[in-house]
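File shown: model32.csv (CSV, C-alpha atoms).
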chain,number,residue,atom,x,y,z
A,1,MET,CA,183.7,107.0,110.7
A,2,ASN,CA,186.9,108.7,111.4
A,3,TYR,CA,186.8,112.5,112.1
A,4,ASP,CA,189.2,115.3,112.9
A,5,LYS,CA,187.0,117.4,115.1
A,6,GLU,CA,183.8,117.2,117.0
A,7,PHE,CA,181.1,119.8,117.7
A,8,ASP,CA,178.3,119.1,120.2
A,9,ALA,CA,175.3,121.2,119.4
A,10,SER,CA,173.0,119.3,121.8
A,11,GLY,CA,170.4,121.5,123.4
A,12,LEU,CA,170.9,124.3,120.9
A,13,ALA,CA,168.0,125.6,118.9
A,14,CYS,CA,167.9,127.1,115.4
A,15,PRO,CA,170.0,128.8,114.1
A,16,LEU,CA,172.8,127.9,116.5
A,17,PRO,CA,173.5,124.4,115.3
A,18,ILE,CA,174.2,125.7,111.8
A,19,VAL,CA,175.9,129.0,112.7
A,20,LYS,CA,178.2,127.3,115.2
A,21,THR,CA,178.9,124.4,112.8
A,22,LYS,CA,180.1,127.0,110.4
A,23,LYS,CA,182.3,128.4,113.1
A,24,ALA,CA,183.7,125.0,113.9
A,25,LEU,CA,184.6,124.5,110.3
A,26,ASN,CA,186.4,127.8,110.1
A,27,ASP,CA,189.6,126.6,111.6
A,28,MET,CA,189.7,123.3,109.8
A,29,THR,CA,191.5,122.6,106.6
A,30,SER,CA,190.0,121.3,103.3
A,31,GLY,CA,189.2,117.6,103.4
A,32,GLN,CA,189.0,117.3,107.2
A,33,VAL,CA,185.9,115.8,108.7
A,34,LEU,CA,183.7,117.4,111.4
A,35,ARG,CA,181.3,115.3,113.5
A,36,VAL,CA,178.3,117.3,114.7
A,37,VAL,CA,175.8,116.0,117.2
A,38,ALA,CA,172.5,117.9,117.5
A,39,THR,CA,169.2,117.5,119.3
A,40,ASP,CA,167.2,120.0,117.2
A,41,PRO,CA,165.0,118.0,114.8
A,42,GLY,CA,165.1,120.9,112.4
A,43,SER,CA,168.9,120.4,112.1
A,44,VAL,CA,168.3,117.4,109.8
A,45,CYS,CA,166.9,119.5,107.0
A,46,ASP,CA,169.1,122.5,107.9
A,47,MET,CA,172.4,120.6,107.8
A,48,ALA,CA,171.6,119.2,104.4
A,49,ALA,CA,170.7,122.7,103.1
A,50,PHE,CA,173.9,124.1,104.7
A,51,ALA,CA,176.0,121.4,103.0
A,52,GLU,CA,174.4,122.0,99.6
A,53,GLN,CA,174.9,125.8,99.7
A,54,THR,CA,178.4,125.9,101.1
A,55,GLY,CA,180.0,123.0,99.3
A,56,ASN,CA,180.9,121.2,102.5
A,57,GLN,CA,180.0,117.6,101.8
A,58,LEU,CA,177.5,115.8,104.1
A,59,LEU,CA,179.1,112.4,104.2
A,60,GLU,CA,176.6,110.7,106.6
A,61,GLN,CA,173.7,111.5,108.7
A,62,SER,CA,172.2,109.2,111.3
A,63,THR,CA,169.9,109.2,114.4
A,64,GLN,CA,171.1,107.7,117.6
A,65,ASP,CA,169.1,107.9,120.8
A,66,LYS,CA,167.1,110.9,119.8
A,67,LYS,CA,170.3,112.6,118.7
A,68,PHE,CA,171.2,113.6,115.2
A,69,VAL,CA,174.7,112.9,114.1
A,70,PHE,CA,176.3,114.4,111.0
A,71,PHE,CA,179.7,114.0,109.3
A,72,LEU,CA,180.7,116.9,107.2
A,73,LYS,CA,183.8,117.1,105.0
A,74,LYS,CA,185.2,120.6,104.7
A,75,ALA,CA,185.3,121.9,101.2
B,1,MET,CA,179.4,130.8,92.0
B,2,ALA,CA,178.8,134.4,92.8
B,3,THR,CA,178.3,135.3,96.5
B,4,LYS,CA,174.6,135.6,97.3
B,5,LYS,CA,173.4,138.7,99.0
B,6,MET,CA,170.6,139.5,101.4
B,7,ALA,CA,169.3,142.8,102.7
B,8,ILE,CA,166.9,143.2,105.6
B,9,ILE,CA,165.0,146.2,106.9
B,10,ALA,CA,164.4,145.7,110.7
B,11,THR,CA,161.6,148.0,111.9
B,12,LYS,CA,160.4,146.4,115.1
B,13,GLY,CA,161.8,146.5,118.6
B,14,THR,CA,159.8,143.9,120.5
B,15,LEU,CA,161.4,140.7,121.8
B,16,ASP,CA,159.5,138.4,119.3
B,17,MET,CA,160.2,140.7,116.3
B,18,ALA,CA,163.9,141.2,117.2
B,19,TYR,CA,164.6,137.6,116.5
B,20,PRO,CA,163.8,137.1,112.8
B,21,PRO,CA,166.3,139.6,111.3
B,22,LEU,CA,169.1,138.4,113.6
B,23,ILE,CA,168.4,134.7,113.0
B,24,LEU,CA,168.2,135.1,109.2
B,25,ALA,CA,171.2,137.3,109.0
B,26,SER,CA,173.4,135.0,111.1
B,27,THR,CA,172.3,132.0,109.1
B,28,ALA,CA,172.8,133.6,105.7
B,29,ALA,CA,176.3,134.7,106.9
B,30,ALA,CA,177.1,131.1,107.9
B,31,LEU,CA,176.1,130.1,104.4
B,32,GLY,CA,178.6,132.5,103.0
B,33,TRP,CA,176.2,135.2,102.0
B,34,ASP,CA,176.9,138.9,102.1
B,35,VAL,CA,174.4,140.4,104.5
B,36,GLN,CA,173.3,143.9,105.5
B,37,ILE,CA,170.6,144.9,108.0
B,38,PHE,CA,169.1,148.4,107.8
B,39,PHE,CA,167.7,149.3,111.3
B,40,THR,CA,165.0,151.9,111.2
B,41,PHE,CA,162.3,153.2,113.6
B,42,TYR,CA,161.8,150.7,116.5
B,43,GLY,CA,164.4,148.4,115.0
B,44,LEU,CA,167.0,150.8,116.2
B,45,GLN,CA,166.5,149.3,119.7
B,46,LEU,CA,168.4,146.2,118.5
B,47,LEU,CA,171.5,148.3,118.1
B,48,ARG,CA,171.6,149.6,121.7
B,49,LYS,CA,174.5,148.5,123.8
B,50,ASN,CA,172.1,147.2,126.5
B,51,LEU,CA,169.2,145.1,125.1
B,52,ASP,CA,167.5,144.6,128.4
B,53,GLY,CA,164.8,147.1,127.5
B,54,ILE,CA,163.5,144.8,124.7
B,55,ARG,CA,160.3,143.3,125.8
B,56,ILE,CA,157.2,141.4,124.7
B,57,SER,CA,153.6,142.3,125.7
B,58,PRO,CA,150.6,140.1,125.8
B,59,LEU,CA,148.5,143.2,125.2
B,60,ALA,CA,147.0,143.3,121.7
B,61,ASN,CA,148.7,140.0,121.0
B,62,PRO,CA,145.9,137.4,121.1
B,63,ALA,CA,148.1,134.8,119.4
B,64,MET,CA,150.6,134.7,122.2
B,65,PRO,CA,150.4,131.3,123.9
B,66,MET,CA,149.6,131.8,127.6
B,67,PRO,CA,150.0,129.2,130.4
B,68,VAL,CA,146.5,130.1,131.6
B,69,PRO,CA,143.7,132.0,129.7
B,70,MET,CA,144.1,135.7,130.5
B,71,PRO,CA,141.4,138.3,129.9
B,72,VAL,CA,142.6,141.4,128.1
B,73,ILE,CA,141.9,143.6,131.1
B,74,VAL,CA,144.5,141.6,133.1
B,75,SER,CA,147.2,142.3,130.5
B,76,VAL,CA,146.8,146.0,131.1
B,77,LEU,CA,147.9,145.7,134.7
B,78,PRO,CA,151.2,147.2,135.8
B,79,GLY,CA,154.0,144.6,135.6
B,80,MET,CA,152.3,142.3,133.1
B,81,GLU,CA,154.7,143.2,130.3
B,82,ALA,CA,157.8,142.6,132.6
B,83,MET,CA,156.3,139.3,133.7
B,84,ALA,CA,155.6,138.2,130.1
B,85,THR,CA,159.1,139.2,129.1
B,86,MET,CA,160.6,137.3,131.9
B,87,MET,CA,158.6,134.2,131.2
B,88,MET,CA,159.4,134.3,127.5
B,89,LYS,CA,163.1,134.7,128.1
B,90,ASP,CA,163.1,131.9,130.7
B,91,LYS,CA,161.4,129.6,128.2
B,92,MET,CA,163.8,130.5,125.4
B,93,LYS,CA,166.8,129.8,127.6
B,94,LYS,CA,165.3,126.3,128.6
B,95,LYS,CA,164.7,125.5,124.9
B,96,GLY,CA,168.3,126.5,123.8
B,97,VAL,CA,167.3,129.6,121.9
B,98,ALA,CA,170.1,132.1,121.6
B,99,SER,CA,169.8,135.4,123.4
B,100,LEU,CA,169.6,138.5,121.3
B,101,GLU,CA,173.0,139.5,122.5
B,102,GLU,CA,174.5,136.2,121.3
B,103,LEU,CA,172.8,136.3,117.9
B,104,ARG,CA,173.9,139.9,117.4
B,105,ALA,CA,177.5,139.1,118.3
B,106,LEU,CA,177.4,136.1,115.9
B,107,CYS,CA,176.2,138.4,113.1
B,108,LEU,CA,179.0,141.0,113.7
B,109,GLU,CA,181.6,138.3,114.0
B,110,ALA,CA,180.4,137.0,110.6
B,111,ASP,CA,180.7,140.5,109.1
B,112,VAL,CA,177.0,141.2,108.7
B,113,LYS,CA,176.9,145.0,108.1
B,114,PHE,CA,174.6,146.9,110.4
B,115,ILE,CA,173.3,150.3,109.2
B,116,ALA,CA,171.3,152.6,111.5
B,117,CYS,CA,168.8,154.9,109.8
B,118,GLN,CA,170.1,158.4,110.4
B,119,MET,CA,166.7,160.0,110.0
B,120,THR,CA,165.1,157.9,112.8
B,121,VAL,CA,168.2,158.2,115.0
B,122,ASP,CA,167.7,162.0,114.8
B,123,LEU,CA,163.9,161.7,115.1
B,124,PHE,CA,164.1,159.8,118.4
B,125,GLU,CA,167.1,161.9,119.5
B,126,PHE,CA,169.2,158.9,120.1
B,127,GLN,CA,172.9,159.4,120.9
B,128,THR,CA,175.3,157.4,118.8
B,129,SER,CA,177.0,156.6,122.2
B,130,GLU,CA,173.9,154.5,123.1
B,131,PHE,CA,174.6,152.2,120.2
B,132,ILE,CA,177.2,149.4,119.7
B,133,ASP,CA,180.4,150.1,117.9
B,134,GLY,CA,181.1,149.0,114.4
B,135,ILE,CA,177.8,150.2,112.8
B,136,GLU,CA,177.3,152.6,110.0
B,137,TYR,CA,174.8,155.4,109.7
B,138,GLY,CA,172.9,156.0,106.4
B,139,GLY,CA,169.7,156.7,104.6
B,140,ALA,CA,167.4,155.1,102.1
B,141,ALA,CA,169.7,155.6,99.2
B,142,THR,CA,172.5,153.8,101.1
B,143,PHE,CA,170.2,150.9,101.6
B,144,MET,CA,168.9,150.8,98.0
B,145,LYS,CA,172.4,150.7,96.7
B,146,PHE,CA,173.0,147.3,98.3
B,147,ALA,CA,169.4,146.1,98.2
B,148,GLY,CA,169.3,146.5,94.4
B,149,GLU,CA,172.0,143.9,94.0
B,150,THR,CA,170.5,141.3,96.4
B,151,ASP,CA,169.0,137.9,95.9
B,152,VAL,CA,166.8,138.2,99.0
B,153,CYS,CA,165.4,141.4,100.4
B,154,LEU,CA,163.1,141.4,103.4
B,155,PHE,CA,161.1,143.9,105.4
B,156,ILE,CA,160.6,142.8,109.0

Starting from the file, lay out its structure as structure tokens.
Amino acid sequence: MNYDKEFDASGLACPLPIVKTKKALNDMTSGQVLRVVATDPGSVCDMAAFAEQTGNQLLEQSTQDKKFVFFLKKA
Amino acid sequence: MATKKMAIIATKGTLDMAYPPLILASTAAALGWDVQIFFTFYGLQLLRKNLDGIRISPLANPAMPMPVPMPVIVSVLPGMEAMATMMMKDKMKKKGVASLEELRALCLEADVKFIACQMTVDLFEFQTSEFIDGIEYGGAATFMKFAGETDVCLFI
């Protein structure tokens, strides 16, 4: 999937993957796509909850080599 | 959709109890919530410029996981608190857990409002110069004004 920006949250524990994803989205414009990579298993549920509550759309979530990859479309 | 609000009363000043208010506040702020934390009694320690004094003790804390079983009498020995604190901080760093300083900075950056309880500041004879900038000082009525409008209100 194409994306405009990437944020690597590997090695970070709760709540940093979410809090820093939000920071990464701050300087993006509506409709742009952010790719996030995380290793915290809790981030799978958390990212879905973040998307639901903020209106940023979770386009895709997958697991690759024990890493969790998310594509978020900025609201 | 109306902006959600959360109010937290932070009353504890140990390393383990310093985390929940800052984790929840930074997360809620990231979700777009309007957040205030009212720091009172030992929670005021979290507002100090230097957070190095925040520690954890294995004493009277039977639930704390220890690398080796440790009799209570050993926990009383001088230096045990410093050692437990060092080990906990070391473990947190290895596991990617944010430092208290980092979480606090993320809260302030996200406009979480910090209010120091004036009564306990006076009680413990703290100087405002010991605390970080950008905080407010107030009492119970100040807290209730915001708390009364919140969706989530926690006492930690």

Item to complete: Compile the contact shell of range 29-38 of chain A as a count of residues only: residues with an atom at most 7 Å away, counting all atoms listed in the file, same-chain residues fewer than 3 positions apart removed.
Response: 19

Worksheet, complete the sentence: In terms of all atoms listed in the file, the residue from B:Val97, B:Leu44, B:Met88, B:Met119 at minimal distance from chain A is B:Val97

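Coordinates place CA of Val121 in chain B at a distance of 20.7 Å from CA of Leu100 in chain B.
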
Discussion item. Just to confirm, what's the straight-line distance from CA of Lys113 in chain B to CA of Ile135 in chain B in Å (one decimal)?
Written reply: 7.1 Å

Can you build me a table of chain A residues sitting at most 8 Å from chain B, with the closest atom pair per residue and its distance in Å to one decimal, using all atoms listed in the file, sorted by chain and residue number, as CSV?
residue,atom,partner,partner_atom,distance
A:Gly11,CA,B:Gly96,CA,5.4
A:Leu12,CA,B:Gly96,CA,4.5
A:Ala13,CA,B:Gly96,CA,5.0
A:Cys14,CA,B:Val97,CA,7.0
A:Pro15,CA,B:Ile23,CA,6.2
A:Leu16,CA,B:Ala98,CA,7.1
A:Ile18,CA,B:Thr27,CA,7.1
A:Val19,CA,B:Ala30,CA,5.4
A:Lys22,CA,B:Ala30,CA,5.7
A:Lys23,CA,B:Ala30,CA,7.8
A:Phe50,CA,B:Leu31,CA,6.4
A:Gln53,CA,B:Leu31,CA,6.5
A:Thr54,CA,B:Leu31,CA,5.8

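Proximity of B:Met6, B:Leu15, B:Val112, B:Ala147 to Leu51 in chain B, computed with only C-alpha atoms, is greatest for B:Leu15.
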
Practice prompt. Would you mind listing what lies within 10 Å of Ile156 in chain B as a list of chain:residue names, with all atoms listed in the file counted and same-chain residues fewer than 5 positions away left out?
Written response: B:Ile8, B:Ile9, B:Ala10, B:Thr11, B:Lys12, B:Met17, B:Ala18, B:Tyr19, B:Pro20, B:Pro21, B:Phe39, B:Gly43

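With CA of Met87 in chain B on one side and CA of Ile56 in chain B on the other, the separation reads 9.8 Å.
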
With all atoms of range 28-38 of chain A from the file as input, state the centre and edge lengths in Å to one decimal of the axis-aligned box that has 5 Å extra on each side, as JSON.
{"center_x": 182.0, "center_y": 119.3, "center_z": 110.4, "size_x": 29.0, "size_y": 18.0, "size_z": 24.2}

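Every protein or nucleic acid residue with an atom no more than 8 Å from Arg55 in chain B, counting all atoms listed in the file and leaving out same-chain residues fewer than 3 positions away, appears here: Thr14, Leu15, Asp52, Glu81, Ala82 and Thr85 of chain B.
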
Need the shell around Met80 in chain B: protein/DNA/RNA residues with any atom at most 9 Å away, counting all atoms listed in the file. Skip same-chain ones fewer than 6 positions apart. Format as a JSON list (two decimals) with C-alpha atoms, in the frame of the given file?
[["chain", "number", "residue", "atom", "x", "y", "z"],
["B", 57, "SER", "CA", 153.60, 142.30, 125.70],
["B", 58, "PRO", "CA", 150.60, 140.10, 125.80],
["B", 59, "LEU", "CA", 148.50, 143.20, 125.20],
["B", 74, "VAL", "CA", 144.50, 141.60, 133.10]]
